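Engineer: Quick one, coords.cif (mmCIF, C-alpha atoms and all ligand atoms):
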data_input
loop_
_atom_site.label_atom_id
_atom_site.label_comp_id
_atom_site.auth_asym_id
_atom_site.auth_seq_id
_atom_site.Cartn_x
_atom_site.Cartn_y
_atom_site.Cartn_z
CA MET R 1 161.75 122.31 154.91
CA LYS R 2 159.62 125.19 153.70
CA GLY R 3 156.34 124.38 152.02
CA ALA R 4 153.14 125.94 150.73
CA VAL R 5 149.53 124.93 150.10
CA LEU R 6 148.31 125.92 146.62
CA PHE R 7 144.76 125.34 145.41
CA SER R 8 142.05 126.07 142.85
CA SER R 9 138.42 126.14 143.88
CA ARG R 10 135.18 126.82 142.03
CA TYR R 11 132.64 126.94 144.86
CA GLY R 12 134.81 127.06 148.00
CA SER R 13 135.09 123.53 149.37
CA THR R 14 138.66 122.93 148.13
CA GLU R 15 139.57 126.34 149.54
CA GLN R 16 138.07 125.27 152.88
CA TYR R 17 140.20 122.09 152.94
CA ALA R 18 143.28 124.12 151.93
CA GLN R 19 142.65 126.56 154.79
CA TRP R 20 142.19 123.71 157.30
CA ILE R 21 145.45 122.09 156.14
CA ALA R 22 147.27 125.44 156.29
CA GLU R 23 145.98 126.13 159.81
CA ALA R 24 147.01 122.66 161.02
CA THR R 25 150.53 122.94 159.59
CA SER R 26 151.22 126.73 159.69
CA LEU R 27 151.94 126.66 155.94
CA PRO R 28 151.13 129.68 153.77
CA VAL R 29 148.16 129.15 151.44
CA PHE R 30 147.61 130.53 147.91
CA ASN R 31 144.84 130.42 145.33
CA VAL R 32 146.70 129.69 142.06
CA ASP R 33 143.99 131.46 140.05
CA GLU R 34 144.52 134.70 141.97
CA ALA R 35 148.21 134.81 142.87
CA ARG R 36 151.38 134.14 140.89
CA VAL R 37 153.45 132.01 143.20
CA GLU R 38 157.17 131.41 142.74
CA LEU R 39 157.38 127.66 143.38
CA ALA R 40 161.19 127.81 143.54
CA GLU R 41 160.82 129.48 146.97
CA PHE R 42 159.48 126.24 148.44
CA ASP R 43 161.07 122.88 149.29
CA PHE R 44 157.78 120.96 149.09
CA LEU R 45 154.27 121.57 147.77
CA VAL R 46 150.74 120.69 148.82
CA LEU R 47 148.39 121.04 145.86
CA GLY R 48 144.58 120.91 145.96
CA SER R 49 142.03 120.88 143.16
CA PRO R 50 138.36 120.02 142.75
CA VAL R 51 137.19 117.66 140.03
CA VAL R 52 134.90 119.56 137.67
CA TYR R 53 133.35 117.77 134.68
CA TYR R 54 135.59 114.71 135.16
CA LYS R 55 138.80 116.77 135.20
CA PRO R 56 140.92 118.34 137.94
CA MET R 57 140.26 122.07 137.67
CA PHE R 58 143.95 123.11 137.95
CA ARG R 59 145.26 120.79 135.19
CA ARG R 60 146.51 123.67 132.99
CA TRP R 61 148.33 125.25 135.93
CA VAL R 62 149.97 121.86 136.61
CA LYS R 63 151.16 121.59 133.01
CA ARG R 64 152.59 125.15 133.10
CA ASN R 65 154.43 124.44 136.35
CA LEU R 66 155.32 120.79 135.80
CA ASP R 67 159.12 121.12 135.98
CA ASP R 68 158.99 122.99 139.31
CA ILE R 69 156.48 120.50 140.73
CA LEU R 70 158.53 117.46 139.71
CA ALA R 71 161.60 119.00 141.35
CA ARG R 72 160.10 118.94 144.89
CA PRO R 73 158.12 116.50 147.06
CA THR R 74 154.41 117.07 146.39
CA VAL R 75 151.20 116.07 148.13
CA PHE R 76 148.12 116.37 145.91
CA PHE R 77 144.61 116.35 147.34
CA SER R 78 141.66 116.14 144.97
CA VAL R 79 138.15 117.15 146.06
CA SER R 80 135.21 115.53 144.32
CA GLY R 81 131.77 114.07 144.64
CA ALA R 82 133.05 110.58 143.82
CA GLY R 83 135.16 108.88 146.46
CA ALA R 84 138.59 107.29 145.94
CA GLY R 85 138.53 104.47 143.40
CA PRO R 86 139.12 103.46 139.79
CA LYS R 87 136.72 106.11 138.39
CA LEU R 88 138.59 108.95 140.09
CA ASP R 89 141.96 107.42 139.15
CA ARG R 90 140.85 107.31 135.50
CA TRP R 91 139.77 110.97 135.51
CA MET R 92 143.16 111.95 136.96
CA ALA R 93 145.13 109.82 134.50
CA ASN R 94 143.17 111.26 131.56
CA SER R 95 143.89 114.91 132.44
CA LEU R 96 147.16 115.10 134.35
CA PRO R 97 150.64 114.16 133.07
CA ALA R 98 151.70 110.62 133.98
CA SER R 99 154.93 112.07 135.40
CA PHE R 100 152.83 114.23 137.77
CA MET R 101 150.68 111.31 138.95
CA SER R 102 153.66 109.07 139.59
CA HIS R 103 155.50 111.89 141.42
CA VAL R 104 152.76 113.01 143.84
CA THR R 105 151.21 111.40 146.88
CA HIS R 106 147.53 111.60 145.93
CA MET R 107 144.87 111.82 148.64
CA ALA R 108 141.20 111.93 147.61
CA LEU R 109 138.78 114.05 149.66
CA ARG R 110 135.05 114.46 149.09
CA GLY R 111 133.55 117.92 148.90
CA ARG R 112 130.27 119.75 148.78
CA GLN R 113 127.83 120.69 146.05
CA ASP R 114 124.93 122.97 146.93
CA PRO R 115 122.58 123.39 143.94
CA SER R 116 121.48 126.83 145.23
CA GLU R 117 125.09 128.10 144.91
CA LEU R 118 125.67 126.91 141.33
CA ASN R 119 125.55 129.23 138.34
CA ALA R 120 122.83 128.50 135.78
CA PHE R 121 125.20 126.72 133.37
CA ASP R 122 126.60 124.33 136.00
CA ARG R 123 123.15 123.65 137.47
CA THR R 124 121.76 122.77 134.03
CA MET R 125 124.77 120.62 133.07
CA LEU R 126 124.59 118.66 136.32
CA ILE R 127 120.87 118.01 135.89
CA ILE R 128 121.55 116.72 132.36
CA ALA R 129 124.50 114.60 133.62
CA GLY R 130 122.24 113.22 136.37
CA LEU R 131 119.49 112.29 133.91
CA PHE R 132 121.93 110.24 131.82
CA ASN R 133 124.12 108.77 134.58
CA PRO R 134 123.47 105.00 134.84
CA ASP R 135 124.80 105.11 138.45
CA ARG R 136 121.55 106.30 140.06
CA LYS R 137 123.14 107.09 143.44
CA ALA R 138 125.71 109.36 141.78
CA ALA R 139 122.94 110.80 139.57
CA LYS R 140 120.91 111.81 142.62
CA GLN R 141 123.98 113.56 144.06
CA GLU R 142 124.59 115.37 140.78
CA MET R 143 121.04 116.69 140.70
CA ARG R 144 120.30 117.31 144.40
CA GLY R 145 123.77 118.09 145.73
CA PHE R 146 125.69 116.66 148.71
CA ASP R 147 127.87 117.67 151.62
CA PHE R 148 130.75 115.31 152.44
CA MET R 149 132.98 118.00 153.97
CA ASP R 150 134.88 116.47 156.87
CA LYS R 151 137.78 118.22 158.59
CA GLY R 152 138.93 114.89 160.10
CA ARG R 153 139.83 113.64 156.61
CA ILE R 154 142.79 116.01 156.40
CA ARG R 155 144.63 114.05 159.11
CA PRO R 156 146.74 111.80 156.80
CA ILE R 157 147.63 114.84 154.69
CA VAL R 158 148.70 116.78 157.78
CA GLU R 159 150.77 113.80 158.97
CA LYS R 160 152.53 113.57 155.61
CA ILE R 161 153.26 117.33 155.71
CA ARG R 162 154.64 117.12 159.27
CA LYS R 163 157.09 114.44 158.08
CA LEU R 164 158.21 116.75 155.26
CA GLN R 165 158.59 119.65 157.72
CA ALA R 166 160.65 117.59 160.17
C1 LIG F 201 130.05 121.99 137.65
C2 LIG F 201 130.48 120.85 138.51
C3 LIG F 201 130.97 119.69 137.93
C4 LIG F 201 131.38 118.62 138.75
N1 LIG F 201 131.90 117.50 138.19
C5 LIG F 201 132.26 116.46 138.99
C6 LIG F 201 132.79 115.27 138.41
O1 LIG F 201 132.95 115.14 137.21
N2 LIG F 201 133.11 114.25 139.26
C7 LIG F 201 132.95 114.35 140.62
O2 LIG F 201 133.26 113.40 141.33
N3 LIG F 201 132.50 115.49 141.18
C8 LIG F 201 132.14 116.53 140.40
N4 LIG F 201 131.66 117.67 140.95
C9 LIG F 201 131.63 117.78 142.40
C10 LIG F 201 132.78 118.66 142.89
O3 LIG F 201 134.01 118.01 142.67
C11 LIG F 201 132.58 118.99 144.36
O4 LIG F 201 131.37 119.69 144.49
C12 LIG F 201 133.72 119.79 144.93
O5 LIG F 201 133.52 119.88 146.32
C13 LIG F 201 133.80 121.17 144.33
O6 LIG F 201 134.91 121.86 144.85
P1 LIG F 201 134.92 123.45 145.02
O7 LIG F 201 133.80 123.80 145.98
O8 LIG F 201 136.26 123.74 145.57
O9 LIG F 201 134.69 124.04 143.67
C14 LIG F 201 131.25 118.73 140.16
C15 LIG F 201 130.73 119.91 140.72
C16 LIG F 201 130.36 120.96 139.91
C17 LIG F 201 129.81 122.19 140.55
#
Can you turn what I pasted into structure tokens?
Structural biologist:
Amino acid sequence: MKGAVLFSSRYGSTEQYAQWIAEATSLPVFNVDEARVELAEFDFLVLGSPVVYYKPMFRRWVKRNLDDILARPTVFFSVSGAGAGPKLDRWMANSLPASFMSHVTHMALRGRQDPSELNAFDRTMLIIAGLFNPDRKAAKQEMRGFDFMDKGRIRPIVEKIRKLQA
């Protein structure tokens, strides 16, 4: 079975996870915002997207490519500040088609946010979000940043891919 890793990334952490997964599985890797990829060439897909402002960044790409995605086994990894749980599930359900969410195997990874890397708009928005967030732990992360990058977390994704390759 021939597969590919396809991702969006705003500040590089989803790209880093995509590269780690590609290295571990020898799959080709593509940034969907830079390359037009013919999904019909692949038997299965591994899709990665960060959560930005409560929405998966690649949601429009998913909607444009929905038929091709639904036609092949798909692993979807999200990268966010929030960990797996009802909040993340709600953000996904609000922005991605129900048919997509019930089709994919979703794995939630946590990423990185370095305030010094953010553009002025994002930095300002995250400070405002932090000021109004009643969850003070999450608010601190929004304002001061975080680094949850962990290569070990790709293991279940790699195992799932190896089963698809077998
Ligand atoms: C502008 C911006 C908005 C974000 N919004 C959310 C959010 O709504 N929920 C969340 O859990 N994480 C949020 N994050 C954290 C990102 O999901 C996290 O930093 C991720 O690693 C970014 O991936 P990237 O480096 O591939 O762009 C946000 C980060 C930025 C920079």
Engineer: As a count of residues only, please: every protein or nucleic acid residue near ligand LIG 201 (chain F) (cut-off 9 Å, counting all atoms listed in the file).
Structural biologist: 53
Engineer: Which residue out of R:Val46, R:Pro134, R:Gln19, R:Thr25 has the minimum interatomic distance to Leu6 (chain R) when all atoms listed in the file are used?
Structural biologist: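 When distances to Leu6 (chain R) are compared using all atoms listed in the file, the smallest one comes from R:Val46.
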Engineer: Please return as a PDB file with C-alpha atoms, in the coordinates of the input every residue within 12 Å of (155.7, 118.7, 132.1), taking into account only C-alpha atoms and the file's own coordinates.
Structural biologist:
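point.pdb was written with the following content:
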ATOM      1  CA  ARG R  59     145.260 120.790 135.190  1.00  0.00           C
ATOM      2  CA  ARG R  60     146.510 123.670 132.990  1.00  0.00           C
ATOM      3  CA  TRP R  61     148.330 125.250 135.930  1.00  0.00           C
ATOM      4  CA  VAL R  62     149.970 121.860 136.610  1.00  0.00           C
ATOM      5  CA  LYS R  63     151.160 121.590 133.010  1.00  0.00           C
ATOM      6  CA  ARG R  64     152.590 125.150 133.100  1.00  0.00           C
ATOM      7  CA  ASN R  65     154.430 124.440 136.350  1.00  0.00           C
ATOM      8  CA  LEU R  66     155.320 120.790 135.800  1.00  0.00           C
ATOM      9  CA  ASP R  67     159.120 121.120 135.980  1.00  0.00           C
ATOM     10  CA  ASP R  68     158.990 122.990 139.310  1.00  0.00           C
ATOM     11  CA  ILE R  69     156.480 120.500 140.730  1.00  0.00           C
ATOM     12  CA  LEU R  70     158.530 117.460 139.710  1.00  0.00           C
ATOM     13  CA  ALA R  71     161.600 119.000 141.350  1.00  0.00           C
ATOM     14  CA  LEU R  96     147.160 115.100 134.350  1.00  0.00           C
ATOM     15  CA  PRO R  97     150.640 114.160 133.070  1.00  0.00           C
ATOM     16  CA  ALA R  98     151.700 110.620 133.980  1.00  0.00           C
ATOM     17  CA  SER R  99     154.930 112.070 135.400  1.00  0.00           C
ATOM     18  CA  PHE R 100     152.830 114.230 137.770  1.00  0.00           C
ATOM     19  CA  MET R 101     150.680 111.310 138.950  1.00  0.00           C
ATOM     20  CA  HIS R 103     155.500 111.890 141.420  1.00  0.00           C
TER      21      HIS R 103
END
Engineer: Give the centre and edge lengths of an axis-aligned box, in Å to one decimal, that holds all listed atoms of region 7-25 of chain R with 5 Å on each side, as JSON.
Structural biologist:
{"center_x": 141.6, "center_y": 124.6, "center_z": 151.5, "size_x": 27.9, "size_y": 15.0, "size_z": 29.0}
Engineer: Given all atoms listed in the file, how would the per-residue table for region 31-135 of chain R near region 1-5 of chain R read, listing every residue at most 10 Å away with its closest atom pair and distance in Å to one decimal, sorted by chain and number, as a Markdown table?
Structural biologist:
| residue | atom | partner | partner_atom | distance |
| --- | --- | --- | --- | --- |
| R:Asn31 | CA | R:Val5 | CA | 8.7 |
| R:Val32 | CA | R:Val5 | CA | 9.8 |
| R:Val37 | CA | R:Ala4 | CA | 9.7 |
| R:Leu39 | CA | R:Ala4 | CA | 8.7 |
| R:Glu41 | CA | R:Lys2 | CA | 8.1 |
| R:Phe42 | CA | R:Gly3 | CA | 5.1 |
| R:Asp43 | CA | R:Lys2 | CA | 5.2 |
| R:Phe44 | CA | R:Gly3 | CA | 4.7 |
| R:Leu45 | CA | R:Ala4 | CA | 5.4 |
| R:Val46 | CA | R:Val5 | CA | 4.6 |
| R:Leu47 | CA | R:Val5 | CA | 5.9 |
| R:Gly48 | CA | R:Val5 | CA | 7.6 |
| R:Arg72 | CA | R:Gly3 | CA | 9.7 |
| R:Pro73 | CA | R:Gly3 | CA | 9.5 |
| R:Thr74 | CA | R:Gly3 | CA | 9.4 |
| R:Val75 | CA | R:Val5 | CA | 9.2 |
| R:Phe76 | CA | R:Val5 | CA | 9.6 |
Engineer: Any chance you could export region 10-81 of chain R with C-alpha atoms, as a PDB file, in the first residue's frame?
Structural biologist:
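Everything below was put into selection_37.pdb:
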ATOM      1  CA  ARG R  10       1.803  27.934  10.437  1.00  0.00           C
ATOM      2  CA  TYR R  11       4.922  28.046  12.612  1.00  0.00           C
ATOM      3  CA  GLY R  12       6.634  24.715  11.890  1.00  0.00           C
ATOM      4  CA  SER R  13       5.685  22.281  14.641  1.00  0.00           C
ATOM      5  CA  THR R  14       3.169  20.306  12.539  1.00  0.00           C
ATOM      6  CA  GLU R  15       5.771  20.203   9.775  1.00  0.00           C
ATOM      7  CA  GLN R  16       8.283  18.815  12.293  1.00  0.00           C
ATOM      8  CA  TYR R  17       5.867  16.021  13.313  1.00  0.00           C
ATOM      9  CA  ALA R  18       5.113  15.313   9.632  1.00  0.00           C
ATOM     10  CA  GLN R  19       8.846  15.015   8.892  1.00  0.00           C
ATOM     11  CA  TRP R  20       9.393  12.693  11.878  1.00  0.00           C
ATOM     12  CA  ILE R  21       6.493  10.467  10.743  1.00  0.00           C
ATOM     13  CA  ALA R  22       7.782  10.470   7.152  1.00  0.00           C
ATOM     14  CA  GLU R  23      11.305   9.536   8.282  1.00  0.00           C
ATOM     15  CA  ALA R  24      10.007   6.702  10.474  1.00  0.00           C
ATOM     16  CA  THR R  25       7.831   5.231   7.709  1.00  0.00           C
ATOM     17  CA  SER R  26       9.710   6.227   4.497  1.00  0.00           C
ATOM     18  CA  LEU R  27       6.546   7.934   3.218  1.00  0.00           C
ATOM     19  CA  PRO R  28       6.794  11.011   0.989  1.00  0.00           C
ATOM     20  CA  VAL R  29       5.758  14.249   2.710  1.00  0.00           C
ATOM     21  CA  PHE R  30       3.985  17.295   1.212  1.00  0.00           C
ATOM     22  CA  ASN R  31       2.908  20.719   2.445  1.00  0.00           C
ATOM     23  CA  VAL R  32      -0.641  21.088   1.041  1.00  0.00           C
ATOM     24  CA  ASP R  33      -0.281  24.879   0.979  1.00  0.00           C
ATOM     25  CA  GLU R  34       2.756  24.668  -1.307  1.00  0.00           C
ATOM     26  CA  ALA R  35       2.220  21.613  -3.502  1.00  0.00           C
ATOM     27  CA  ARG R  36      -0.764  20.340  -5.476  1.00  0.00           C
ATOM     28  CA  VAL R  37      -0.860  16.667  -4.667  1.00  0.00           C
ATOM     29  CA  GLU R  38      -2.827  14.122  -6.680  1.00  0.00           C
ATOM     30  CA  LEU R  39      -4.440  12.077  -3.891  1.00  0.00           C
ATOM     31  CA  ALA R  40      -5.559   9.405  -6.365  1.00  0.00           C
ATOM     32  CA  GLU R  41      -1.898   8.284  -6.573  1.00  0.00           C
ATOM     33  CA  PHE R  42      -2.050   7.026  -2.989  1.00  0.00           C
ATOM     34  CA  ASP R  43      -3.763   4.065  -1.304  1.00  0.00           C
ATOM     35  CA  PHE R  44      -3.814   5.688   2.141  1.00  0.00           C
ATOM     36  CA  LEU R  45      -3.276   9.157   3.607  1.00  0.00           C
ATOM     37  CA  VAL R  46      -1.709  10.619   6.730  1.00  0.00           C
ATOM     38  CA  LEU R  47      -2.977  14.164   7.259  1.00  0.00           C
ATOM     39  CA  GLY R  48      -1.649  16.686   9.784  1.00  0.00           C
ATOM     40  CA  SER R  49      -2.918  20.113  10.767  1.00  0.00           C
ATOM     41  CA  PRO R  50      -2.421  22.562  13.622  1.00  0.00           C
ATOM     42  CA  VAL R  51      -5.379  24.041  15.471  1.00  0.00           C
ATOM     43  CA  VAL R  52      -5.360  27.806  14.968  1.00  0.00           C
ATOM     44  CA  TYR R  53      -8.079  29.946  16.566  1.00  0.00           C
ATOM     45  CA  TYR R  54     -10.136  26.874  17.526  1.00  0.00           C
ATOM     46  CA  LYS R  55     -10.117  25.457  13.984  1.00  0.00           C
ATOM     47  CA  PRO R  56      -7.913  22.980  12.126  1.00  0.00           C
ATOM     48  CA  MET R  57      -5.870  25.100   9.722  1.00  0.00           C
ATOM     49  CA  PHE R  58      -6.387  22.800   6.689  1.00  0.00           C
ATOM     50  CA  ARG R  59     -10.206  22.605   6.927  1.00  0.00           C
ATOM     51  CA  ARG R  60     -10.769  24.216   3.502  1.00  0.00           C
ATOM     52  CA  TRP R  61      -8.301  21.834   1.866  1.00  0.00           C
ATOM     53  CA  VAL R  62     -10.178  18.921   3.496  1.00  0.00           C
ATOM     54  CA  LYS R  63     -13.504  20.144   2.104  1.00  0.00           C
ATOM     55  CA  ARG R  64     -12.006  20.532  -1.409  1.00  0.00           C
ATOM     56  CA  ASN R  65     -10.538  17.027  -1.290  1.00  0.00           C
ATOM     57  CA  LEU R  66     -13.238  15.271   0.723  1.00  0.00           C
ATOM     58  CA  ASP R  67     -14.246  12.668  -1.877  1.00  0.00           C
ATOM     59  CA  ASP R  68     -10.640  11.517  -2.401  1.00  0.00           C
ATOM     60  CA  ILE R  69     -10.013  11.402   1.350  1.00  0.00           C
ATOM     61  CA  LEU R  70     -13.153   9.367   2.068  1.00  0.00           C
ATOM     62  CA  ALA R  71     -12.129   6.878  -0.626  1.00  0.00           C
ATOM     63  CA  ARG R  72      -8.933   5.780   1.197  1.00  0.00           C
ATOM     64  CA  PRO R  73      -7.888   4.869   4.758  1.00  0.00           C
ATOM     65  CA  THR R  74      -6.809   8.074   6.515  1.00  0.00           C
ATOM     66  CA  VAL R  75      -4.898   8.853   9.685  1.00  0.00           C
ATOM     67  CA  PHE R  76      -5.367  12.431  10.898  1.00  0.00           C
ATOM     68  CA  PHE R  77      -3.058  14.006  13.463  1.00  0.00           C
ATOM     69  CA  SER R  78      -3.960  17.374  14.927  1.00  0.00           C
ATOM     70  CA  VAL R  79      -1.361  19.562  16.652  1.00  0.00           C
ATOM     71  CA  SER R  80      -2.549  21.989  19.299  1.00  0.00           C
ATOM     72  CA  GLY R  81      -1.890  23.594  22.630  1.00  0.00           C
TER      73      GLY R  81
END
